[in-house]
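Enquirer: What follows is a single structure, and I will ask about it in a moment.
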Amino acid sequence: MIAESNRNLRLPCLFSDGMILQREQPVKIWGWAEPETAVTVTFLGNDYFAKADNTGAWVAVLPPAAAGGPHTLEVSAGGEVVTLSDVLVGDVWLCSGQSNMQLPMERVDLMFPEEIAGAANPLIRQFEVPERFDFRIPRQDLDGGVWVAADPKTVLDFSAVGYFFAKELYEKYQVPIGLLNASVGGTPVQAWMSREALSPYPEYLAEADRCKDNRYVEEVLARDQAAQVEWHKHLSSIDQGLNGRPRWYDPRFTDLGDWQTAEVPGDWCEIPDLAGFIGVAWFRRVFQLPEELAGRPALLLLGAIVDSDITYLNGQVVGTTGYQYPPRKYWIPVGVLKPGQNLLTVRVISNTGRGGFVPDKPYQLMVGDTVIDLKGPWQYKVGAATAQPLPTQTFFTYKPVGLFNGMIAPLVNYSLKGVIWYQGESNTEAPENYCDLFTRLIADWRGRWQRRDLPFVYVQLANFMPPDERPTDSNWAELRHQQLLALANPHTAMAVAIDVGEWNDLHPLNKKAVGERLALGAMAVAYGEDVPYSGPIYRSMEVQGSRVILTFDHIYGGLEARVGPLRHFALAGSDGDFRWARAEIVGDQVHVWHDDILDPQAVRYAWADNPAGANLYNKSGLPASPFRTD
């Protein structure tokens with residue numbers, strides 16, 4: 001961007017070198033200048049005119065343009081000029097939601113190294129919307145941001161779901177794909193909704209109103225931060241591992257007479273003196289390294305640790321993570337490893353009494369092609385104990401309205417192809433009204449973009465948490481049901497993800513499958529393609545004797561059971577008690593029955609936090625959505 005004497009003429013942060021404009025739609029170019037000043041926008045050899053109003057705001061509308069570029073866009077007013085270079089015309093998608101949309105490619109680099117190495121595509125670009133909340137007014141502009149083209153280095157900061165989605169669309173349509181990444185971890189749907197959309201929910205509006213007072217927000221943030229700092233400071237002050245000499249991470253520390261042994265990984269609830277423990281526990285493991293591997297760089301994988309850790313290798317800090325979710329992936333620099341005996345020490349802080357090393361994760365050291373397994377017995381000792389859990393932190397990004405005003409409102413003039421959405425985990429505590437909230441969000445965003453048909457393609461929650469042995473109620477299943485109901489909104493599609501989650505991780509790594517399924521939905525509802533884009537969706541049931549006959553939409557050539565007979569169907573009779581049932585595919589339908597239920601009333605499929613083994617698909621390889629008939 002080149003600005004000459006740029007004192008009054010200003011463009012939104014969205015407009016930068018390398019930006020992508022939406023093809024085949026009218027495009028608004030807007031900004032601010034001296035009030036009442038004439039503004040000229042020059043693009044593709046044509047001039048377009050606007051006039052700043054008495055506040056200085058102006059908007060010029062460019063006619064639809066074909067995909068292509070790079071182009072130059074110039075804006076001039078009152079002798080000032082702003083020039084944008086490397087401007088492309090293609091398809092722009094807004095990517096929004098919580099952490100599973102926000103999660104970057106860097107988090108999945110070990111699963112998709114070839115995709116990252118081959119990410120050199122200057123026609124796929126991301127604009128990361130800066131995190132910002134505002135409870136008073138919808139903001140007119142962002143706090144910053146820049147368009148970034150994908151290459152093996154920059155793609156590490158792209159939304160993983162967004163990148164794989166964009167890659168599929170680019171390979172299909174060969175046009176530039178722009179991603180507006182407006183996502184924030186942990187956020188409920190109401191944080192992304194306007195006051196108008198939340199009007200039937202006075203409790204949410206009252207919460208937003210409390211946050212209008214900047215002084216209140218600042219005081220709460222300062223209080224919470226001070227309390228957390230004091231908690232950690234106190235813990236460190238009483239931690240024997242830090243206050244003795246030598247410290248417990250030091251290889252010279254050898255006084256291990258009262259250290260005990262525990263298996264890693266594992267939850268601390270399985271260790272008697274750590275069950276319910278709040279405080280610091282030190283874990284250490286000695287391993288041997290062949291001489292030829294010493295001194296080389298390495299990668300240390302310590303799964304996931306609840307809640308936070310500082311990790312030392314031979315007395316040097318090699319990594320630290322402040323909360324439980326990120327995988328512990330620590331790069332070991334040259335010179336830290338040594339031949340023979342090496343000492344690995346982990347200082348673990350349990351914030352609330354549910355500490356541990358998460359099972360079914362990698363715990364290993366990788367030196368070149370050599371893998372040293374770190375699972376098994378470790379020595380441990382409590383360094384500090386406290387009865388008080390870590391004071392809670394108030395996340396104002398979770399409050400209603402704030403992120404809509406701060407991160408969505410500044411985008412509404414920017415022409416889009418559609419929206420992809422991955423959110424819902426933070427609404428599972430009270431899922432019953434999610435369909436209504438999400439429907440209101442969709443309608444409100446469509447109104448603000450003045451696109452009644454603006455496509456919304458969203459992800460249904462993945463499988464998570466340990467599987468249940470018997471049918472049971474589930475808030476996660478209810479949230480998925482609410483997401484299924486939201487398909488009643490026109491121009492929507494849903495990507496089912498119950499087969500690509502991880503029982504022990506809120507943030508499953510297979511974002512490629514999710515992105516590809518979102519792309520199929522986009523091809524159908526945004527591009528008008530006649531493609532199989534959805535797994536089987538429950539349509540109706542009929543009781544025939546002691547059997548229930550289920551009919552589905554989106555069977556695309558037929559139904560199939562993946563790996564063995566159909567599983568995860570539950571049946572209830574008049575007593576309302578659901579029991580695992582038998583099921584089989586008959587033609588294009590599914591028959592469900594139980595030998596002891598002669599009066600079947602209702603069926604549930606994959607109705608669980610983690611419906612492990614649910615295996616109804618269509619012949620296009622897409623999984624059926626969980627559903628209930630009751």
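Naming works like this for the structure tokens: A, B, ... for the chains as they're shown, residue 1 at the start of each chain, ligands 1 onward in shown order.
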Considering only C-alpha atoms, give me a table of residues in segment 15-123 of chain A that are at most 8 Å from segment 407-421 of chain A, with the closest atom pair and distance in Å for each, as a Markdown table.
Expert:
```
| residue | atom | partner | partner_atom | distance |
| --- | --- | --- | --- | --- |
| A:Leu21 | CA | A:Ser415 | CA | 7.3 |
| A:Gln22 | CA | A:Ser415 | CA | 5.7 |
| A:Gln25 | CA | A:Ser415 | CA | 7.3 |
| A:Pro26 | CA | A:Ser415 | CA | 7.6 |
| A:Val27 | CA | A:Ser415 | CA | 5.9 |
| A:Lys28 | CA | A:Asn413 | CA | 6.3 |
| A:Asp91 | CA | A:Lys417 | CA | 5.7 |
| A:Val92 | CA | A:Leu416 | CA | 5.0 |
| A:Trp93 | CA | A:Gly418 | CA | 5.2 |
| A:Leu94 | CA | A:Val419 | CA | 4.7 |
| A:Cys95 | CA | A:Ile420 | CA | 5.0 |
| A:Ser96 | CA | A:Trp421 | CA | 5.1 |
| A:Gly97 | CA | A:Trp421 | CA | 5.5 |
| A:Met101 | CA | A:Trp421 | CA | 7.4 |
```
Enquirer: Find the spatial neighbours of segment 566-575 of chain A, counting only C-alpha atoms, within a cut-off of 8 Å - ignore same-chain residues fewer than 5 positions away - and output them as a PyMOL selection string.
Expert: chain A and resi 471+561+580-584+592-594+597-607+611-616
Enquirer: Need the shell around Tyr330 of chain A: protein/DNA/RNA residues with any atom at most 7 Å away, counting only C-alpha atoms. Skip same-chain ones fewer than 4 positions apart. Format as an MDAnalysis selection string?
Expert: chainID A and resid 299:301 318:319
Enquirer: For the interface of segment 264-331 of chain A with segment 502-519 of chain A (cut-off 10 Å, counting only C-alpha atoms), please tabulate each contacting residue of segment 264-331 of chain A alongside its nearest pair of atoms and their separation in Å to one decimal, rows sorted by chain and increasing number, as a tab-separated table.
Expert:
```
residue	atom	partner	partner_atom	distance
A:Ala304	CA	A:Asp505	CA	8.7
A:Gln324	CA	A:Asp505	CA	10.0
A:Tyr325	CA	A:Asp505	CA	7.4
A:Pro326	CA	A:His507	CA	8.5
A:Pro327	CA	A:Asp505	CA	9.5
```
Enquirer: Got a sec to tell me which of segment 310-491 of chain A DSSP assigns to strand (DSSP E), as a ChimeraX atom specification?
Expert: /A:310-313,316-321,329-332,340-350,356-357,363-367,370-373,376-385,418-422,456-459
Enquirer: By how many Å are atom CA of Glu429 of chain A and atom CA of Asn610 of chain A apart?
Expert: 15.8 Å
Enquirer: Gln589 of chain A: which residues within 10 Å, counting only C-alpha atoms, same-chain residues fewer than 4 positions away excluded, as a VMD selection string?
Expert: chain A and resid 541 549 to 552 555 558 to 559 584 to 585
Enquirer: Could you give me, as a list of chain:residue names, the residues within 10 Å of Arg354 of chain A, counting only C-alpha atoms and dropping anything in the same chain fewer than 6 positions from it?
Expert: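 In the requested format, the answer is A:Asp267, A:Trp268, A:Cys269, A:Leu274, A:Ala275, A:Gly276, A:Phe277, A:Ile278, A:Val306, A:Asp307.
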Enquirer: For Ser620 of chain A, which residue out of A:Ser540, A:Ser534, A:Gln483, A:Gln126 is the nearest one, using only C-alpha atoms?
Expert: A:Ser534
Enquirer: If you measure from atom CA of Glu218 of chain A to atom CA of Phe395 of chain A, what distance in Å do you get, rounded to one decimal?
Expert: 11.8 Å
Enquirer: One number please: atom CA of Asp224 of chain A to atom CA of Lys399 of chain A, in Å, one decimal.
Expert: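 Atom-to-atom, atom CA of Asp224 of chain A to atom CA of Lys399 of chain A, that is 16.0 Å.
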Enquirer: Which polymer residues have any atom within 12 Å of an atom of Pro188 of chain A, counting only C-alpha atoms, with same-chain residues fewer than 5 positions away left out, as a PyMOL selection string?
Expert: chain A and resi 96-99+183+193+204+395-404+422-431+434+437-438+441
Enquirer: Closest to Gln379 of chain A among A:Trp259, A:Phe43, A:Phe464, A:Tyr323, using only C-alpha atoms?
Expert: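 Closest candidate: A:Trp259.
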Enquirer: Give the answer as one residue: which of A:Gly355, A:Leu88, A:Asp630, A:Asn121 has the shortest atom-to-atom distance to Glu270 of chain A, using only C-alpha atoms?
Expert: A:Gly355
Enquirer: Looking at A:Thr154, A:Gln225, A:Thr439, A:Gln388, which one is nearest to Ala197 of chain A, with distances taken over only C-alpha atoms?
Expert: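 Comparing A:Thr154, A:Gln225, A:Thr439, A:Gln388 against Ala197 of chain A, the winner is A:Thr439.
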